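Structure data (PDB, C-alpha atoms and all ligand atoms) from final-v4.pdb:
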```
ATOM      1  CA  MET R  30     -17.427  64.255  43.426  1.00  0.00           C
ATOM      2  CA  PHE R  31     -14.029  63.205  42.145  1.00  0.00           C
ATOM      3  CA  ILE R  32     -11.868  65.559  40.185  1.00  0.00           C
ATOM      4  CA  LEU R  33      -8.300  65.391  39.059  1.00  0.00           C
ATOM      5  CA  PHE R  34      -6.019  68.358  39.009  1.00  0.00           C
ATOM      6  CA  VAL R  35      -2.396  68.918  38.454  1.00  0.00           C
ATOM      7  CA  PHE R  36       0.200  71.575  38.794  1.00  0.00           C
ATOM      8  CA  LEU R  37       3.437  72.030  36.897  1.00  0.00           C
ATOM      9  CA  PHE R  38       6.519  73.824  37.998  1.00  0.00           C
ATOM     10  CA  GLY R  39       9.048  75.788  36.146  1.00  0.00           C
ATOM     11  CA  GLN R  40       7.754  74.701  32.819  1.00  0.00           C
ATOM     12  CA  GLU R  41       6.949  77.744  30.768  1.00  0.00           C
ATOM     13  CA  SER R  42       4.954  76.357  27.909  1.00  0.00           C
ATOM     14  CA  ASP R  43       4.322  79.035  25.395  1.00  0.00           C
ATOM     15  CA  ILE R  44       0.583  78.926  25.053  1.00  0.00           C
ATOM     16  CA  LYS R  45      -0.393  80.729  21.901  1.00  0.00           C
ATOM     17  CA  LEU R  46      -3.941  81.920  21.669  1.00  0.00           C
ATOM     18  CA  ASP R  47      -5.805  83.170  18.678  1.00  0.00           C
ATOM     19  CA  THR R  48      -6.278  86.782  19.761  1.00  0.00           C
ATOM     20  CA  ARG R  49      -9.159  87.321  17.340  1.00  0.00           C
ATOM     21  CA  GLN R  50     -11.143  84.725  19.267  1.00  0.00           C
ATOM     22  CA  GLN R  51      -9.912  85.646  22.739  1.00  0.00           C
ATOM     23  CA  THR R  52     -10.748  88.365  25.208  1.00  0.00           C
ATOM     24  CA  ARG R  53      -8.171  89.672  27.650  1.00  0.00           C
ATOM     25  CA  ILE R  54      -9.611  91.324  30.713  1.00  0.00           C
ATOM     26  CA  GLU R  55      -7.716  92.889  33.582  1.00  0.00           C
ATOM     27  CA  LEU R  56      -9.263  92.436  36.994  1.00  0.00           C
ATOM     28  CA  SER R  57      -8.343  93.968  40.318  1.00  0.00           C
ATOM     29  CA  THR R  58      -8.640  91.329  43.059  1.00  0.00           C
ATOM     30  CA  LYS R  59      -7.436  90.429  46.560  1.00  0.00           C
ATOM     31  CA  PHE R  60      -4.902  88.104  44.909  1.00  0.00           C
ATOM     32  CA  GLY R  61      -3.534  91.074  42.962  1.00  0.00           C
ATOM     33  CA  ARG R  62      -3.923  92.022  39.321  1.00  0.00           C
ATOM     34  CA  VAL R  63      -5.506  89.182  37.367  1.00  0.00           C
ATOM     35  CA  ILE R  64      -5.294  88.923  33.600  1.00  0.00           C
ATOM     36  CA  PHE R  65      -8.168  86.712  32.517  1.00  0.00           C
ATOM     37  CA  LYS R  66      -8.154  85.357  28.977  1.00  0.00           C
ATOM     38  CA  SER R  67     -11.035  83.373  27.603  1.00  0.00           C
ATOM     39  CA  PRO R  68     -12.903  82.661  24.383  1.00  0.00           C
ATOM     40  CA  ARG R  69     -14.586  85.891  23.378  1.00  0.00           C
ATOM     41  CA  LYS R  70     -18.064  84.418  23.384  1.00  0.00           C
ATOM     42  CA  ASP R  71     -17.721  83.181  27.001  1.00  0.00           C
ATOM     43  CA  SER R  72     -16.084  86.130  28.693  1.00  0.00           C
ATOM     44  CA  GLU R  73     -19.227  88.000  29.703  1.00  0.00           C
ATOM     45  CA  LYS R  74     -20.522  84.962  31.559  1.00  0.00           C
ATOM     46  CA  LEU R  75     -17.170  83.874  32.977  1.00  0.00           C
ATOM     47  CA  VAL R  76     -15.788  87.102  34.436  1.00  0.00           C
ATOM     48  CA  PRO R  77     -18.328  87.152  37.308  1.00  0.00           C
ATOM     49  CA  LEU R  78     -17.533  83.475  37.979  1.00  0.00           C
ATOM     50  CA  VAL R  79     -13.788  84.213  38.137  1.00  0.00           C
ATOM     51  CA  LEU R  80     -14.335  87.173  40.433  1.00  0.00           C
ATOM     52  CA  ASP R  81     -16.618  85.127  42.654  1.00  0.00           C
ATOM     53  CA  ALA R  82     -14.130  82.218  42.899  1.00  0.00           C
ATOM     54  CA  ILE R  83     -11.372  84.658  43.888  1.00  0.00           C
ATOM     55  CA  ARG R  84     -13.699  86.415  46.335  1.00  0.00           C
ATOM     56  CA  GLN R  85     -14.662  83.118  48.003  1.00  0.00           C
ATOM     57  CA  SER R  86     -11.020  82.055  48.222  1.00  0.00           C
ATOM     58  CA  SER R  87      -9.804  85.316  49.708  1.00  0.00           C
ATOM     59  CA  LYS R  88     -12.744  85.430  52.097  1.00  0.00           C
ATOM     60  CA  PHE R  89     -11.751  81.990  53.392  1.00  0.00           C
ATOM     61  CA  LEU R  90      -8.130  83.112  53.868  1.00  0.00           C
ATOM     62  CA  ALA R  91      -9.170  86.387  55.518  1.00  0.00           C
ATOM     63  CA  LYS R  92     -11.398  84.472  57.950  1.00  0.00           C
ATOM     64  CA  TYR R  93      -8.219  82.863  59.308  1.00  0.00           C
ATOM     65  CA  GLY R  94      -6.207  86.066  59.287  1.00  0.00           C
ATOM     66  CA  VAL R  95      -4.164  85.317  56.158  1.00  0.00           C
ATOM     67  CA  ASN R  96      -3.353  88.204  53.887  1.00  0.00           C
ATOM     68  CA  ILE R  97      -2.039  86.625  50.754  1.00  0.00           C
ATOM     69  CA  PRO R  98       0.793  88.596  49.105  1.00  0.00           C
ATOM     70  CA  GLN R  99      -0.630  90.350  46.052  1.00  0.00           C
ATOM     71  CA  LYS R 100       1.077  89.575  42.756  1.00  0.00           C
ATOM     72  CA  ASP R 101       0.125  89.436  39.119  1.00  0.00           C
ATOM     73  CA  LEU R 102      -1.717  86.282  38.138  1.00  0.00           C
ATOM     74  CA  SER R 103      -2.884  85.114  34.750  1.00  0.00           C
ATOM     75  CA  ILE R 104      -5.896  82.855  34.349  1.00  0.00           C
ATOM     76  CA  THR R 105      -6.521  81.417  30.907  1.00  0.00           C
ATOM     77  CA  LEU R 106      -9.493  79.367  29.781  1.00  0.00           C
ATOM     78  CA  MET R 107      -8.553  77.575  26.573  1.00  0.00           C
ATOM     79  CA  GLU R 108     -10.670  76.017  23.944  1.00  0.00           C
ATOM     80  CA  GLY R 109      -9.617  73.058  21.846  1.00  0.00           C
ATOM     81  CA  SER R 110      -7.164  70.321  22.585  1.00  0.00           C
ATOM     82  CA  VAL R 111      -3.835  70.368  24.394  1.00  0.00           C
ATOM     83  CA  ASP R 112      -2.098  68.210  21.772  1.00  0.00           C
ATOM     84  CA  HIS R 113      -0.075  71.108  20.378  1.00  0.00           C
ATOM     85  CA  LEU R 114       1.120  72.299  23.786  1.00  0.00           C
ATOM     86  CA  ASP R 115       4.484  71.514  25.273  1.00  0.00           C
ATOM     87  CA  LEU R 116       3.190  69.392  28.148  1.00  0.00           C
ATOM     88  CA  PRO R 117       4.147  66.023  29.625  1.00  0.00           C
ATOM     89  CA  GLU R 118       2.519  63.085  27.836  1.00  0.00           C
ATOM     90  CA  TRP R 119       0.745  61.842  30.954  1.00  0.00           C
ATOM     91  CA  LEU R 120      -0.935  65.220  31.281  1.00  0.00           C
ATOM     92  CA  LYS R 121      -2.048  65.205  27.684  1.00  0.00           C
ATOM     93  CA  LYS R 122      -3.464  61.695  28.013  1.00  0.00           C
ATOM     94  CA  SER R 123      -5.190  62.131  31.373  1.00  0.00           C
ATOM     95  CA  CYS R 124      -8.331  64.109  31.999  1.00  0.00           C
ATOM     96  CA  HIS R 125      -6.860  66.944  34.056  1.00  0.00           C
ATOM     97  CA  PRO R 126      -8.918  70.101  33.541  1.00  0.00           C
ATOM     98  CA  GLY R 127      -6.439  72.622  34.933  1.00  0.00           C
ATOM     99  CA  TRP R 128      -2.922  73.288  36.157  1.00  0.00           C
ATOM    100  CA  VAL R 129      -0.623  76.055  37.379  1.00  0.00           C
ATOM    101  CA  GLN R 130       2.610  76.969  35.636  1.00  0.00           C
ATOM    102  CA  GLY R 131       5.418  78.685  37.490  1.00  0.00           C
ATOM    103  CA  GLY R 132       3.135  79.674  40.367  1.00  0.00           C
ATOM    104  CA  ASP R 133       1.469  82.536  38.518  1.00  0.00           C
ATOM    105  CA  LYS R 134      -0.245  81.105  35.435  1.00  0.00           C
ATOM    106  CA  VAL R 135      -3.458  79.160  35.798  1.00  0.00           C
ATOM    107  CA  ILE R 136      -4.580  77.307  32.688  1.00  0.00           C
ATOM    108  CA  ILE R 137      -7.959  75.635  32.415  1.00  0.00           C
ATOM    109  CA  ILE R 138      -9.125  73.616  29.417  1.00  0.00           C
ATOM    110  CA  LYS R 139     -12.774  74.244  28.666  1.00  0.00           C
ATOM    111  CA  ARG R 140     -13.420  70.895  26.970  1.00  0.00           C
ATOM    112  CA  ARG R 141     -11.942  69.051  29.937  1.00  0.00           C
ATOM    113  CA  VAL R 142     -14.105  70.920  32.440  1.00  0.00           C
ATOM    114  CA  HIS R 143     -17.075  69.622  30.419  1.00  0.00           C
ATOM    115  CA  ASP R 144     -15.737  66.102  29.992  1.00  0.00           C
ATOM    116  CA  CYS R 145     -13.855  65.412  33.204  1.00  0.00           C
ATOM    117  CA  VAL R 146     -15.743  67.228  35.959  1.00  0.00           C
ATOM    118  CA  PRO R 147     -19.281  66.148  36.850  1.00  0.00           C
ATOM    119  CA  GLY R 148     -21.969  68.816  37.222  1.00  0.00           C
ATOM    120  CA  ASP R 149     -22.891  71.954  35.344  1.00  0.00           C
ATOM    121  CA  PHE R 150     -20.132  73.904  33.631  1.00  0.00           C
ATOM    122  CA  ASP R 151     -20.291  77.053  35.756  1.00  0.00           C
ATOM    123  CA  SER R 152     -19.874  75.325  39.114  1.00  0.00           C
ATOM    124  CA  SER R 153     -17.298  72.873  37.737  1.00  0.00           C
ATOM    125  CA  PHE R 154     -15.277  75.743  36.286  1.00  0.00           C
ATOM    126  CA  GLN R 155     -15.367  77.550  39.624  1.00  0.00           C
ATOM    127  CA  ARG R 156     -14.342  74.415  41.503  1.00  0.00           C
ATOM    128  CA  VAL R 157     -11.391  73.835  39.194  1.00  0.00           C
ATOM    129  CA  LEU R 158     -10.359  77.471  39.541  1.00  0.00           C
ATOM    130  CA  ILE R 159     -10.619  77.404  43.348  1.00  0.00           C
ATOM    131  CA  HIS R 160      -8.411  74.290  43.425  1.00  0.00           C
ATOM    132  CA  GLU R 161      -5.829  76.045  41.271  1.00  0.00           C
ATOM    133  CA  LEU R 162      -6.036  79.136  43.508  1.00  0.00           C
ATOM    134  CA  GLY R 163      -5.129  76.746  46.339  1.00  0.00           C
ATOM    135  CA  HIS R 164      -1.872  75.994  44.503  1.00  0.00           C
ATOM    136  CA  VAL R 165      -1.311  79.710  43.912  1.00  0.00           C
ATOM    137  CA  THR R 166      -1.881  80.354  47.644  1.00  0.00           C
ATOM    138  CA  LEU R 167       0.672  77.742  48.662  1.00  0.00           C
ATOM    139  CA  PHE R 168       3.182  79.077  46.140  1.00  0.00           C
ATOM    140  CA  ARG R 169       2.805  82.507  47.683  1.00  0.00           C
ATOM    141  CA  LEU R 170       2.953  81.346  51.282  1.00  0.00           C
ATOM    142  CA  ARG R 171       5.687  78.712  50.946  1.00  0.00           C
ATOM    143  CA  GLU R 172       7.717  78.783  47.772  1.00  0.00           C
ATOM    144  CA  ASP R 173       9.894  75.915  48.935  1.00  0.00           C
ATOM    145  CA  PHE R 174       6.972  73.478  48.972  1.00  0.00           C
ATOM    146  CA  TRP R 175       7.107  73.275  45.224  1.00  0.00           C
ATOM    147  CA  VAL R 176       9.308  70.227  45.450  1.00  0.00           C
ATOM    148  CA  ASP R 177       6.605  68.103  46.949  1.00  0.00           C
ATOM    149  CA  GLN R 178       3.649  67.207  44.791  1.00  0.00           C
ATOM    150  CA  GLU R 179       1.819  65.287  47.534  1.00  0.00           C
ATOM    151  CA  VAL R 180       1.877  68.304  49.798  1.00  0.00           C
ATOM    152  CA  HIS R 181       0.907  70.681  47.010  1.00  0.00           C
ATOM    153  CA  GLU R 182      -1.989  68.576  45.738  1.00  0.00           C
ATOM    154  CA  GLY R 183      -3.056  67.823  49.295  1.00  0.00           C
ATOM    155  CA  PHE R 184      -3.153  71.509  50.164  1.00  0.00           C
ATOM    156  CA  ALA R 185      -4.990  72.517  46.960  1.00  0.00           C
ATOM    157  CA  THR R 186      -7.575  69.760  47.437  1.00  0.00           C
ATOM    158  CA  TRP R 187      -8.035  70.718  51.106  1.00  0.00           C
ATOM    159  CA  PHE R 188      -8.358  74.394  50.063  1.00  0.00           C
ATOM    160  CA  GLU R 189     -11.016  73.519  47.488  1.00  0.00           C
ATOM    161  CA  TYR R 190     -13.069  71.596  50.075  1.00  0.00           C
ATOM    162  CA  GLN R 191     -12.726  74.363  52.665  1.00  0.00           C
ATOM    163  CA  VAL R 192     -13.617  77.235  50.362  1.00  0.00           C
ATOM    164  CA  LEU R 193     -16.659  75.357  49.045  1.00  0.00           C
ATOM    165  CA  GLY R 194     -17.661  74.106  52.503  1.00  0.00           C
ATOM    166  CA  LEU R 195     -17.476  70.428  51.481  1.00  0.00           C
ATOM    167  CA  THR R 196     -16.674  67.435  53.674  1.00  0.00           C
ATOM    168  CA  PRO R 197     -14.572  64.633  52.213  1.00  0.00           C
ATOM    169  CA  VAL R 198     -16.274  61.274  51.936  1.00  0.00           C
ATOM    170  CA  LEU R 199     -13.663  58.556  52.186  1.00  0.00           C
ATOM    171  CA  THR R 200     -13.994  55.165  50.547  1.00  0.00           C
ATOM    172  CA  ASP R 201     -13.203  51.928  52.420  1.00  0.00           C
ATOM    173  CA  LYS R 202     -10.148  51.660  50.228  1.00  0.00           C
ATOM    174  CA  ILE R 203      -8.790  54.979  51.486  1.00  0.00           C
ATOM    175  CA  CYS R 204      -9.722  54.149  55.078  1.00  0.00           C
ATOM    176  CA  SER R 205      -7.805  50.888  54.944  1.00  0.00           C
ATOM    177  CA  SER R 206      -4.649  52.463  53.534  1.00  0.00           C
ATOM    178  CA  LYS R 207      -2.014  53.274  56.114  1.00  0.00           C
ATOM    179  CA  ASN R 208       0.126  55.367  53.771  1.00  0.00           C
ATOM    180  CA  ILE R 209      -0.567  58.369  51.624  1.00  0.00           C
ATOM    181  CA  ASN R 210       0.416  56.503  48.428  1.00  0.00           C
ATOM    182  CA  PHE R 211       0.010  59.586  46.312  1.00  0.00           C
ATOM    183  CA  ASP R 212      -0.900  58.979  42.714  1.00  0.00           C
ATOM    184  CA  LEU R 213      -2.893  60.932  40.168  1.00  0.00           C
ATOM    185  CA  SER R 214      -6.147  59.106  40.921  1.00  0.00           C
ATOM    186  CA  PRO R 215      -9.050  60.814  42.719  1.00  0.00           C
ATOM    187  CA  ASP R 216      -8.220  58.720  45.815  1.00  0.00           C
ATOM    188  CA  GLY R 217      -4.634  59.944  45.635  1.00  0.00           C
ATOM    189  CA  TYR R 218      -5.727  63.557  45.807  1.00  0.00           C
ATOM    190  CA  LEU R 219      -8.110  62.953  48.684  1.00  0.00           C
ATOM    191  CA  ARG R 220      -5.492  60.971  50.619  1.00  0.00           C
ATOM    192  CA  ALA R 221      -2.994  63.800  50.197  1.00  0.00           C
ATOM    193  CA  ALA R 222      -5.624  66.271  51.467  1.00  0.00           C
ATOM    194  CA  LEU R 223      -5.914  64.286  54.719  1.00  0.00           C
ATOM    195  CA  ILE R 224      -2.514  65.666  55.742  1.00  0.00           C
ATOM    196  CA  PHE R 225      -4.263  69.008  56.098  1.00  0.00           C
ATOM    197  CA  PHE R 226      -7.600  67.783  57.380  1.00  0.00           C
ATOM    198  CA  ALA R 227      -5.653  66.575  60.429  1.00  0.00           C
ATOM    199  CA  PHE R 228      -5.511  70.227  61.539  1.00  0.00           C
ATOM    200  CA  THR R 229      -8.048  72.989  62.050  1.00  0.00           C
ATOM    201  CA  PRO R 230      -8.041  75.528  59.164  1.00  0.00           C
ATOM    202  CA  SER R 231      -6.265  78.166  61.267  1.00  0.00           C
ATOM    203  CA  ASP R 232      -3.639  75.608  62.302  1.00  0.00           C
ATOM    204  CA  VAL R 233      -3.116  74.536  58.671  1.00  0.00           C
ATOM    205  CA  LEU R 234      -2.317  78.093  57.735  1.00  0.00           C
ATOM    206  CA  LYS R 235       0.060  78.383  60.718  1.00  0.00           C
ATOM    207  CA  VAL R 236       1.573  74.948  60.154  1.00  0.00           C
ATOM    208  CA  ILE R 237       2.460  75.535  56.526  1.00  0.00           C
ATOM    209  CA  SER R 238       4.507  78.557  57.507  1.00  0.00           C
ATOM    210  CA  THR R 239       6.533  76.600  60.037  1.00  0.00           C
ATOM    211  CA  ALA R 240       6.419  72.838  59.526  1.00  0.00           C
ATOM    212  CA  GLN R 241       8.769  70.701  57.535  1.00  0.00           C
ATOM    213  CA  ILE R 242       7.320  68.516  54.846  1.00  0.00           C
ATOM    214  CA  ASN R 243       7.945  65.298  56.770  1.00  0.00           C
ATOM    215  CA  GLU R 244       6.253  66.682  59.855  1.00  0.00           C
ATOM    216  CA  LEU R 245       3.230  67.491  57.743  1.00  0.00           C
ATOM    217  CA  LYS R 246       3.094  64.029  56.227  1.00  0.00           C
ATOM    218  CA  ALA R 247       3.139  62.550  59.717  1.00  0.00           C
ATOM    219  CA  ALA R 248      -0.328  64.084  60.173  1.00  0.00           C
ATOM    220  CA  TYR R 249      -1.811  61.804  57.520  1.00  0.00           C
ATOM    221  CA  ARG R 250      -2.983  59.098  59.934  1.00  0.00           C
ATOM    222  CA  LYS R 251      -4.611  61.695  62.181  1.00  0.00           C
ATOM    223  CA  GLY R 252      -6.498  62.992  59.153  1.00  0.00           C
ATOM    224  CA  LEU R 253      -7.457  59.467  58.207  1.00  0.00           C
ATOM    225  CA  SER R 254      -8.870  58.690  61.645  1.00  0.00           C
ATOM    226  CA  LYS R 255     -10.971  61.838  61.518  1.00  0.00           C
ATOM    227  CA  PHE R 256     -13.127  60.506  58.682  1.00  0.00           C
ATOM    228  CA  CYS R 257     -12.915  56.710  59.139  1.00  0.00           C
ATOM    229  CA  ASN R 258     -14.419  54.510  61.847  1.00  0.00           C
TER     230      ASN R 258
HETATM  231 ZN    ZN P 301      -3.808  70.391  41.756  1.00  0.00          ZN
END
```
This entry written out as structure tokens:
Amino acid sequence: MFILFVFLFGQESDIKLDTRQQTRIELSTKFGRVIFKSPRKDSEKLVPLVLDAIRQSSKFLAKYGVNIPQKDLSITLMEGSVDHLDLPEWLKKSCHPGWVQGGDKVIIIKRRVHDCVPGDFDSSFQRVLIHELGHVTLFRLREDFWVDQEVHEGFATWFEYQVLGLTPVLTDKICSSKNINFDLSPDGYLRAALIFFAFTPSDVLKVISTAQINELKAAYRKGLSKFCN
């Protein structure tokens, strides 16, 4: 399954929601206090999905001895289009279902989960959220990695696969590429994730606390050889 995701830094778009149509629910989680906002009619169904995605993510981290610093986090599921939002044009035009702003605001667009992610809505929504929680995790563990989109997207994609117990299936095109060549295509995301698949999960979580970005990128070919003949 191919999915595109994105994260944004520092950009504090003021997302205005119609409060008559929205529910705001406060949740206590292993990531800290979560403010979940969603269309009123969906909240009853979605809250257990949000809690489960957070539970799965923290269970994965706990398995490798990582206690993520607890901080406030907002998760917003929006209806409608993103045309009125202050976002980069490429993001408006592409089919990205979710992103993280400033490290502590996850925004997911309901229509895009339907249109851009294959599968039923509930599991697609959870997958998008788990990917975004990967970004949140990296923000909390290594704030200085924000400068590098390859590393961030690679980590979040790796996190998503690990939490969901999925194995990447690489195309011949990826296998024949010697460089990461990060772009916003599905292949770009998977290639960036290979940086992290070069290590065992416990080593990834150790490595990100110590390694320099260039050292991490050097692991790409090792990750590539793991899944290609
Ligand atoms: Zn992402």
How would you report the residues lying within 10 Å of ligand ZN 301 (chain P), as a ChimeraX atom specification, if you count only C-alpha atoms and all ligand atoms?
/R:32-37,125-129,157-165,178-179,181-186,189,213,218
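Interatomic distance, CA of Arg84 (chain R) against CA of Gly252 (chain R): 27.7 Å.
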Residues near region 140-147 of chain R, anyone? I mean within 10 Å using all atoms listed in the file, not counting same-chain ones fewer than 2 positions away, as a list of chain:residue names.
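In the requested format, the answer is R:Met30, R:Phe31, R:Ile32, R:Leu33, R:Leu106, R:Met107, R:Glu108, R:Gly109, R:Ser110, R:Val111, R:Ser123, R:Cys124, R:His125, R:Pro126, R:Gly127, R:Ile137, R:Ile138, R:Asp149, R:Phe150, R:Asp151, R:Ser152, R:Ser153, R:Phe154, R:Gln155, R:Arg156, R:Val157.
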When the PyMOL selection byres (((chain R and resi 59) around 9) and not hetatm) is applied to the file above, which residues end up in the set, as a PyMOL selection string?
chain R and resi 57-58+60-62+83-84+87+96-99
Looking at all atoms listed in the file, which of R:Val63, R:Trp175, R:Gly94, R:Thr52 is the one that sits closest to Val233 (chain R)?
R:Gly94
Between R:Ala221, R:Leu253, R:Leu199, R:Ile136, which is the closest to Leu102 (chain R) once you count only C-alpha atoms?
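Once distances to Leu102 (chain R) are computed over only C-alpha atoms, the minimum belongs to R:Ile136.
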Report, in Å with one decimal, the straight-line distance from CA of Thr229 (chain R) to CA of Val135 (chain R).
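Those two atoms sit 27.4 Å apart.
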(-3.9, 76.1, 61.1) in this file's frame - what residues fall within 12 Å of it? Use all atoms listed in the file and give the answer as an MDAnalysis selection string.
chainID R and resid 90 92:95 184 224:240 245
Residue nearest Asp81 (chain R) - candidates R:Leu193, R:Lys134, R:Ser205, R:Glu55, atoms counted: all atoms listed in the file:
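Using all atoms listed in the file, the shortest distance to Asp81 (chain R) belongs to R:Leu193.
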So how many Å separate CA of Leu223 (chain R) and CA of Ala248 (chain R), to one decimal?
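Atom-to-atom, CA of Leu223 (chain R) to CA of Ala248 (chain R), that is 7.8 Å.
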